[in-house]
Amino acid sequence: MCPLAAAGGRRAASRAPGAHNVCRLLTRRAHGFYARDAGVAHRKNLGLLRKIICQESTKFKNVWTTHSASPIAYERGRIYLDNYQCCISSIAQEPRILYQKPKCSKSEKIEDALLLECPLGEMLPSPSDYKSSLIVLTVQNWLLRLSADSGEILEKIYLASSCCKFRYLSWDTPQEVMVVKSAQNKLPAAARQAGIQQSVLFYLAVFQVLPLSFIGMLEINKKIFGNSVTDVAVSNGILIVMYSMGLVRLYNFQAISEQAKNGIQDMKCCSLEPDWIYFHPDMSGRIIHVGPNLIKVLKLKEVKNNTDQMEIAEDFTIVANRENSVNNTVTVTASGRVVKKRFNLLDDDPEQETFKIVDYEDELDLLSTVAVTQIGVDGIAHLDFHCNEHGILLKSIPLLESWDVTYSHEVYFDKDLVLHIEQKPNRRFSCYVYQMVCDTAKDDECSSHEKTEKLFCKKGGRIFEYI
């Protein structure tokens, strides 16, 4: 057969009946077809999933719920309970326990954790390194790497330091360089009364991962960074120092020397809670600056006529849905005179829609936000998906459970899954699992009683609630 005929045959085959059927195409790819362009196939699959998620008929249904007396954590399809001693898969429509370890002592309590996934195209020292693992920080300053599927200890490092208590883990370079941050140093009351000054506010220890290896330590000292430092973070080689009154400074972490025109960002908000700022997780070099009613996505660009200097410019903004109204209150004086007082609410007043969480779904390239409005004793929250390139609102998902703004909450969006983890009074924690479903007429015809009917089951000594 001549090359032209062969090519024509291939083109004809590509136009064969059923070749463009989405279900068949996805099934063939899942079975290993099109292996030479697996990356392209995977991206196309995710593009299809993004379109399905954002279409109007797609809903997210609360499929099951569980409760715990200790904090609940989530990492890539795994829900961790009992201080990471119990691991549950969240992928199926019903919970499946992956492993359950004996209860640990208080000295082995885990403070924070990061999921470490195998880097592509690299030779690693141990076969176990090719599987997902958890890097955890214990209350006794131990840094451990655990198997994500079994909880087995793979590596351990002791952060010997009598001067500070390490508490937080974060990525500088995702899956490559990790930052271990201490709690804020505070002198005992007796030392403060004696006039002793505490100059070091935070310690940052930096580690390379796979294998775990120490890079260096940095002190955040008031004598260098000022007295009003409230928090600090490291991301993509940039040291981010946050101050009171919404002020943020960006430093070159390598040289610890300040540079960048507009490097100081001011949210210009009046709120009880501080704003927060960090580098966009999509590795675009952009910066996300979040205030109570405004999300700014900023970008770094070269200053015109000066290629040696960078400036921070606005890429797009996302604004909370609220009215800029001025409240009037009426008071009556002792003489009977009516006096009107005019005042503006705080920017994070709970009766106005306020941003609580901003996250990024890397595989679907969606920016997600959680906004909450307090109405009476109940808070109403919704999860919104925005175009990561321009910030356009694509979909809004209401969260059914009430949101109490006085307690901590976490919301995770992971492809076709949404999780809401909340703290309740008396140190009780709940995890609500939502899964993507297609809205049908049959669902609409269901009575409200059928929709709210609850079933309970017990697995591994734990009770799960189905809806």
# chains A, B, ... in the order shown; residues from 1 in each chain; ligands from 1
>>> residues_around(residues="Tyr466 in chain A", least_positions_apart="4", cutoff="12 Å", atoms="only C-alpha atoms", output="list of chain:residue names")
A:Lys61, A:Asn62, A:Val63, A:Trp64, A:Thr65, A:Thr66, A:Gln93, A:Glu94, A:Pro95, A:Cys431, A:Tyr432, A:Val433, A:Tyr434, A:Lys451, A:Thr452, A:Glu453, A:Lys454, A:Leu455, A:Phe456, A:Cys457, A:Lys458
>>> residues_around(residues="Ala92 in chain A", least_positions_apart="4", cutoff="10 Å", atoms="only C-alpha atoms", output="list in words")
Val63, Gly77, Arg96 and Gln435 of chain A
>>> atom_distance(atom1="CA of Met178 in chain A", atom2="CA of Val206 in chain A")
5.8 Å
>>> residues_around(residues="Leu204 in chain A", least_positions_apart="3", cutoff="9 Å", atoms="only C-alpha atoms", output="ChimeraX atom specification")
/A:166,179-182,216-220,233-234
>>> select_by_dssp(residues="range 70-268 of chain A", states="helix (DSSP H, G or I)", output="NGL selection string")
:A and (106-108 or 127-130 or 189-193 or 222-225 or 244-246)
>>> residues_around(residues="Ile380 in chain A", least_positions_apart="3", cutoff="9 Å", atoms="only C-alpha atoms", output="number ranges by chain")
A: 371-375, 398-404
>>> write_last_selection(atoms="N, CA, C and O atoms", output="CSV table (one decimal), in the first residue's frame")
chain,number,residue,atom,x,y,z
A,371,ALA,N,-17.3,31.9,50.2
A,371,ALA,CA,-17.8,33.1,50.7
A,371,ALA,C,-19.0,32.8,51.7
A,371,ALA,O,-19.8,31.9,51.4
A,372,VAL,N,-19.0,33.5,52.8
A,372,VAL,CA,-20.0,33.2,53.9
A,372,VAL,C,-20.7,34.5,54.3
A,372,VAL,O,-20.1,35.6,54.3
A,373,THR,N,-22.0,34.3,54.5
A,373,THR,CA,-22.9,35.4,55.1
A,373,THR,C,-23.6,34.9,56.3
A,373,THR,O,-24.2,33.8,56.2
A,374,GLN,N,-23.5,35.6,57.4
A,374,GLN,CA,-24.1,35.3,58.6
A,374,GLN,C,-25.5,35.9,58.7
A,374,GLN,O,-25.7,37.1,58.6
A,375,ILE,N,-26.6,35.0,58.8
A,375,ILE,CA,-28.0,35.5,58.8
A,375,ILE,C,-28.5,34.9,60.1
A,375,ILE,O,-28.8,33.8,60.3
A,398,PRO,N,-23.9,25.7,46.6
A,398,PRO,CA,-24.2,26.0,48.0
A,398,PRO,C,-23.8,24.8,48.9
A,398,PRO,O,-24.0,23.7,48.5
A,399,LEU,N,-23.3,25.2,50.1
A,399,LEU,CA,-23.0,24.2,51.1
A,399,LEU,C,-24.2,24.1,52.0
A,399,LEU,O,-24.7,25.1,52.5
A,400,LEU,N,-24.8,22.9,52.2
A,400,LEU,CA,-26.1,22.7,52.8
A,400,LEU,C,-26.0,22.9,54.3
A,400,LEU,O,-26.9,23.4,54.9
A,401,GLU,N,-24.9,22.6,55.0
A,401,GLU,CA,-24.8,22.7,56.4
A,401,GLU,C,-24.5,24.1,56.8
A,401,GLU,O,-23.9,24.9,56.0
A,402,SER,N,-25.0,24.5,58.0
A,402,SER,CA,-24.8,25.8,58.5
A,402,SER,C,-23.3,26.1,58.8
A,402,SER,O,-22.6,25.2,59.1
A,403,TRP,N,-22.8,27.3,58.6
A,403,TRP,CA,-21.4,27.7,58.7
A,403,TRP,C,-21.3,28.7,59.9
A,403,TRP,O,-21.8,29.8,59.9
A,404,ASP,N,-20.8,28.2,61.0
A,404,ASP,CA,-20.6,29.0,62.2
A,404,ASP,C,-19.3,29.8,62.1
A,404,ASP,O,-18.2,29.1,62.1
>>> closest_residue(among="A:Glu389, A:Leu134, A:Asp359, A:Pro211", to="Glu410 in chain A", atoms="only C-alpha atoms")
A:Asp359
>>> closest_residue(among="A:Thr58, A:Ser105, A:Ser430, A:Ser199", to="Gly226 in chain A", atoms="only C-alpha atoms")
A:Ser199
>>> select_by_dssp(residues="range 42-163 of chain A", states="strand (DSSP E or B)", output="PyMOL selection string")
chain A and resi 58-68+73-75+78-81+86-89+96-100+110-116+133-138+142-147+153-158
>>> atom_distance(atom1="CA of Leu115 in chain A", atom2="CA of Phe202 in chain A")
23.7 Å
>>> residues_around(residues="Gln208 in chain A", least_positions_apart="6", cutoff="12 Å", atoms="only C-alpha atoms", output="PyMOL selection string")
chain A and resi 116+135+171-180+214-216
>>> write_last_selection(atoms="N, CA and C atoms", output="mmCIF file, in the first residue's frame")
data_model
loop_
_atom_site.group_PDB
_atom_site.id
_atom_site.type_symbol
_atom_site.label_atom_id
_atom_site.label_comp_id
_atom_site.auth_asym_id
_atom_site.auth_seq_id
_atom_site.Cartn_x
_atom_site.Cartn_y
_atom_site.Cartn_z
ATOM 1 N N LEU A 116 3.457 14.222 49.940
ATOM 2 C CA LEU A 116 4.604 14.193 49.024
ATOM 3 C C LEU A 116 4.334 13.149 47.954
ATOM 4 N N ILE A 135 4.632 13.784 54.849
ATOM 5 C CA ILE A 135 5.647 14.344 55.733
ATOM 6 C C ILE A 135 4.900 14.987 56.897
ATOM 7 N N TRP A 171 5.128 24.375 51.535
ATOM 8 C CA TRP A 171 6.048 24.214 50.424
ATOM 9 C C TRP A 171 6.649 25.563 50.037
ATOM 10 N N ASP A 172 7.961 25.590 49.824
ATOM 11 C CA ASP A 172 8.599 26.709 49.128
ATOM 12 C C ASP A 172 8.493 26.419 47.636
ATOM 13 N N THR A 173 9.109 25.328 47.190
ATOM 14 C CA THR A 173 8.914 24.813 45.830
ATOM 15 C C THR A 173 8.127 23.519 45.957
ATOM 16 N N PRO A 174 6.901 23.439 45.434
ATOM 17 C CA PRO A 174 6.063 22.265 45.640
ATOM 18 C C PRO A 174 6.761 20.964 45.270
ATOM 19 N N GLN A 175 6.696 20.003 46.208
ATOM 20 C CA GLN A 175 7.243 18.662 46.047
ATOM 21 C C GLN A 175 8.770 18.629 45.956
ATOM 22 N N GLU A 176 9.425 19.763 46.258
ATOM 23 C CA GLU A 176 10.894 19.793 46.202
ATOM 24 C C GLU A 176 11.507 20.386 47.471
ATOM 25 N N VAL A 177 11.097 21.588 47.848
ATOM 26 C CA VAL A 177 11.675 22.284 48.997
ATOM 27 C C VAL A 177 10.563 22.620 49.982
ATOM 28 N N MET A 178 10.765 22.242 51.247
ATOM 29 C CA MET A 178 9.751 22.378 52.283
ATOM 30 C C MET A 178 10.227 23.337 53.365
ATOM 31 N N VAL A 179 9.276 24.087 53.955
ATOM 32 C CA VAL A 179 9.585 25.027 55.029
ATOM 33 C C VAL A 179 8.877 24.569 56.301
ATOM 34 N N VAL A 180 9.638 24.485 57.392
ATOM 35 C CA VAL A 180 9.086 24.158 58.702
ATOM 36 C C VAL A 180 9.113 25.444 59.528
ATOM 37 N N PHE A 214 18.572 18.804 55.279
ATOM 38 C CA PHE A 214 18.497 20.164 55.796
ATOM 39 C C PHE A 214 19.234 21.142 54.883
ATOM 40 N N ILE A 215 18.603 22.291 54.569
ATOM 41 C CA ILE A 215 19.216 23.334 53.751
ATOM 42 C C ILE A 215 19.697 24.491 54.611
ATOM 43 N N GLY A 216 18.842 24.998 55.492
ATOM 44 C CA GLY A 216 19.257 26.124 56.317
ATOM 45 C C GLY A 216 18.146 26.596 57.238
#
>>> atom_distance(atom1="CA of Glu152 in chain A", atom2="CA of Leu137 in chain A")
14.8 Å
